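Shown next: run24.txt, containing compact mmCIF, C-alpha atoms.
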# COMPACT_ATOMS: atom_id res chain seq x y z
CA MET A 29 171.89 246.25 240.66
CA SER A 30 174.44 248.66 239.33
CA SER A 31 175.58 246.02 236.85
CA LEU A 32 171.98 245.53 235.78
CA TYR A 33 171.59 249.27 235.40
CA SER A 34 174.75 249.56 233.32
CA ARG A 35 173.68 246.63 231.16
CA SER A 36 170.29 248.17 230.53
CA LYS A 37 171.97 251.46 229.81
CA ASP A 38 174.21 249.80 227.21
CA LEU A 39 171.41 247.80 225.64
CA PRO A 40 169.30 250.64 224.30
CA SER A 41 172.29 252.25 222.63
CA ARG A 42 173.16 248.91 221.01
CA SER A 43 169.55 248.36 220.02
CA ARG A 44 169.38 251.82 218.47
CA LYS A 45 172.42 251.07 216.39
CA SER A 46 171.14 247.71 215.31
CA LEU A 47 167.68 249.06 214.48
CA SER A 48 169.02 251.92 212.45
CA ASP A 49 171.55 249.69 210.67
CA SER A 50 169.14 246.95 209.70
CA PRO A 51 166.01 247.33 207.63
CA PRO A 52 162.73 247.28 209.56
CA SER A 53 161.47 244.08 207.93
CA SER A 54 164.43 241.86 208.86
CA PRO A 55 165.63 241.82 212.47
CA SER A 56 169.36 241.55 212.89
CA TYR A 57 171.28 239.33 215.22
CA SER A 58 171.78 242.10 217.80
CA THR A 59 168.04 242.86 217.81
CA LYS A 60 167.31 239.20 218.53
CA THR A 61 169.85 239.17 221.36
CA PHE A 62 168.35 242.38 222.73
CA ARG A 63 164.93 240.75 222.86
CA GLN A 64 166.36 237.66 224.49
CA ASP A 65 168.17 239.81 227.03
CA ARG A 66 164.96 241.70 227.79
CA ALA A 67 163.07 238.45 228.19
CA SER A 68 165.72 237.02 230.48
CA ARG A 69 165.79 240.27 232.47
CA SER A 70 162.05 240.23 232.90
CA ASP A 71 162.24 236.61 234.02
CA SER A 72 165.07 237.22 236.45
CA SER A 73 163.77 240.42 237.95
CA GLY A 74 160.18 239.44 237.94
CA VAL A 75 157.75 241.60 236.07
CA GLU A 76 158.86 244.71 234.23
CA PRO A 77 157.05 247.82 235.16
CA ALA A 78 154.31 248.71 232.65
CA SER A 79 155.69 252.19 232.19
CA ASP A 80 159.06 250.77 231.05
CA ARG A 81 157.39 248.45 228.58
CA LEU A 82 155.16 251.24 227.36
CA SER A 83 158.01 253.71 226.96
CA ALA A 84 160.11 251.08 225.18
CA ARG A 85 157.27 250.32 222.81
CA THR A 86 156.48 253.97 222.16
CA SER A 87 160.10 254.80 221.55
CA THR A 88 160.33 251.87 219.12
CA TYR A 89 157.13 252.93 217.42
CA THR A 90 158.16 256.58 217.21
CA ARG A 91 161.53 255.63 215.77
CA ARG A 92 159.79 253.38 213.24
CA GLU A 93 157.28 256.12 212.41
CA ASN A 94 160.07 258.66 212.06
CA ARG A 95 161.93 256.33 209.71
CA LEU A 96 158.80 255.66 207.69
CA ALA A 97 157.99 259.38 207.58
CA SER A 98 161.47 260.21 206.37
CA LEU A 99 161.24 257.44 203.77
CA SER A 100 157.86 258.68 202.59
CA LYS A 101 159.20 262.24 202.46
CA THR A 102 162.12 261.13 200.33
CA GLU A 103 159.72 259.07 198.21
CA ASP A 104 157.45 262.14 197.88
CA ASP A 105 160.43 264.32 197.08
CA SER A 106 161.77 261.76 194.64
CA ALA A 107 158.27 261.28 193.19
CA SER A 108 157.88 265.03 192.72
CA LYS A 109 161.35 265.18 191.25
CA ASP A 110 160.50 262.21 189.11
CA TYR A 111 157.35 263.94 187.88
CA LYS A 112 159.35 267.05 187.15
CA LYS A 113 162.00 265.00 185.39
CA LEU A 114 159.35 263.05 183.51
CA TYR A 115 157.68 266.31 182.48
CA GLU A 116 160.99 267.74 181.31
CA ASP A 117 161.78 264.51 179.48
CA ALA A 118 158.36 264.60 177.85
CA LEU A 119 158.94 268.22 176.81
CA THR A 120 162.32 267.44 175.30
CA GLU A 121 160.89 264.41 173.53
CA ASN A 122 158.01 266.54 172.24
CA GLU A 123 160.48 269.09 170.94
CA LYS A 124 162.51 266.37 169.25
CA LEU A 125 159.35 264.96 167.70
CA LYS A 126 158.26 268.42 166.57
CA SER A 127 161.60 269.01 164.92
CA ARG A 128 161.42 265.59 163.27
CA LEU A 129 157.89 266.40 162.10
CA GLU A 130 159.09 269.70 160.61
CA ASP A 131 161.98 267.91 158.93
CA SER A 132 159.57 265.34 157.56
CA LYS A 133 157.25 268.09 156.29
CA GLN A 134 160.14 269.82 154.56
CA GLU A 135 161.29 266.55 153.07
CA LEU A 136 157.73 265.85 151.93
CA THR A 137 157.50 269.23 150.19
CA LYS A 138 160.86 268.60 148.50
CA ILE A 139 159.73 265.18 147.35
CA ARG A 140 156.42 266.59 146.11
CA SER A 141 158.20 269.29 144.13
CA GLN A 142 160.56 266.68 142.67
CA LEU A 143 157.56 264.51 141.81
CA ASP A 144 155.85 267.47 140.15
CA ARG A 145 158.98 268.17 138.12
CA VAL A 146 159.25 264.54 137.09
CA THR A 147 155.58 264.35 136.10
CA GLN A 148 155.90 267.59 134.14
CA LYS A 149 158.98 266.18 132.46
CA GLN A 150 157.12 263.00 131.64
CA ASP A 151 154.17 265.01 130.36
CA ARG A 152 156.53 266.97 128.15
CA MET A 153 158.15 263.75 127.04
CA SER A 154 154.77 262.20 126.32
CA GLU A 155 153.75 265.39 124.52
CA ARG A 156 157.01 265.25 122.63
CA SER A 157 156.47 261.61 121.86
CA THR A 158 152.91 262.42 120.79
CA VAL A 159 154.23 265.29 118.71
CA PHE A 160 156.98 263.03 117.44
CA GLU A 161 154.42 260.36 116.54
CA SER A 162 152.24 262.89 114.76
CA GLU A 163 155.28 264.34 112.98
CA LYS A 164 156.33 260.83 112.05
CA ARG A 165 152.86 260.11 110.63
CA GLU A 166 152.92 263.41 108.82
CA LYS A 167 156.34 262.65 107.41
CA GLU A 168 155.19 259.22 106.25
CA ALA A 169 152.13 260.77 104.64
CA LEU A 170 154.31 263.35 102.92
CA GLU A 171 156.76 260.68 101.74
CA LYS A 172 153.85 258.70 100.33
CA ARG A 173 152.51 261.77 98.65
CA VAL A 174 155.94 262.52 97.21
CA SER A 175 156.26 258.97 95.89
CA ASP A 176 152.76 259.25 94.36
CA MET A 177 153.71 262.55 92.77
CA GLU A 178 156.93 261.05 91.42
CA GLU A 179 154.91 258.27 89.83
CA GLU A 180 152.50 260.82 88.40
CA PHE A 181 155.44 262.80 87.16
CA LYS A 182 156.84 259.73 85.40
CA VAL A 183 153.43 259.08 83.82
CA LEU A 184 153.19 262.72 82.87
CA THR A 185 156.61 262.70 81.23
CA GLU A 186 155.65 259.55 79.33
CA LEU A 187 152.42 261.23 78.24
CA LYS A 188 154.34 264.34 77.16
CA SER A 189 156.76 262.24 75.16
CA ASP A 190 153.82 260.32 73.63
CA ASN A 191 152.06 263.58 72.92
CA GLN A 192 155.21 264.99 71.29
CA ARG A 193 155.63 261.87 69.19
CA LEU A 194 152.01 262.05 68.13
CA LYS A 195 152.41 265.70 67.19
CA ASP A 196 155.44 264.83 65.12
CA GLU A 197 153.55 262.02 63.38
CA ASN A 198 150.55 264.25 62.88
CA GLY A 199 152.77 266.89 61.27
CA ALA A 200 154.34 264.27 58.99
CA LEU A 201 150.91 263.00 57.96
CA ILE A 202 149.73 266.48 57.22
CA ARG A 203 152.72 267.04 54.98
CA VAL A 204 152.13 263.76 53.21
CA ILE A 205 148.45 264.59 52.62
CA SER A 206 149.28 268.06 51.41
CA LYS A 207 151.79 266.65 48.88
CA LEU A 208 149.27 264.15 47.71
CA SER A 209 146.61 266.69 47.28
CA LYS A 210 148.79 268.91 45.13
Write the structure described by the file as structure tokens, please.
Amino acid sequence: MSSLYSRSKDLPSRSRKSLSDSPPSSPSYSTKTFRQDRASRSDSSGVEPASDRLSARTSTYTRRENRLASLSKTEDDSASKDYKKLYEDALTENEKLKSRLEDSKQELTKIRSQLDRVTQKQDRMSERSTVFESEKREKEALEKRVSDMEEEFKVLTELKSDNQRLKDENGALIRVISKLSK
């Protein structure tokens, strides 16, 4: 009996170790042997007292519940930490995005100002080209007018020379007539 008592005394300590070492879903080798030992004990000694079975079950259940409670607490703690971390991450990402948005806005204003300058430059160039075209047309018109005037000047000089020649002839004829009439 004393050997049975010492064996049963050793078994719960071994079972505690094996239960705490192994995950609850997969029974370990020592847990299986513990169950086999319990079954063989109950067969050899007859029927286990109900209070022993009940206390063994309740202790197993309480240990399991304690483990599950501690796991859920750590999950809750980790979940709350995760939410806090996620919130902080979201805040930092929002700040990064805000700074990128500001940078983009500044870049957009720079590009718009550059675009305005370029369009103004092009407008000036087009105005200059328009002015240049009008000046070019004006110059061509003036050159044509000058060439027309040069031609008129040539005709005028010819007419002056013809007029001078005719005056000279007219003077000679008048002299001849006046000599004849004398």
For CA of Lys172 in chain A and CA of Leu187 in chain A, the interatomic separation in Å (one decimal): 22.3 Å
Separation of CA of Gln148 in chain A from CA of Ser162 in chain A in Å: 20.3 Å
Between CA of Glu168 in chain A and CA of Met153 in chain A, distance in Å (one decimal):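 Interatomic distance here is 21.5 Å.
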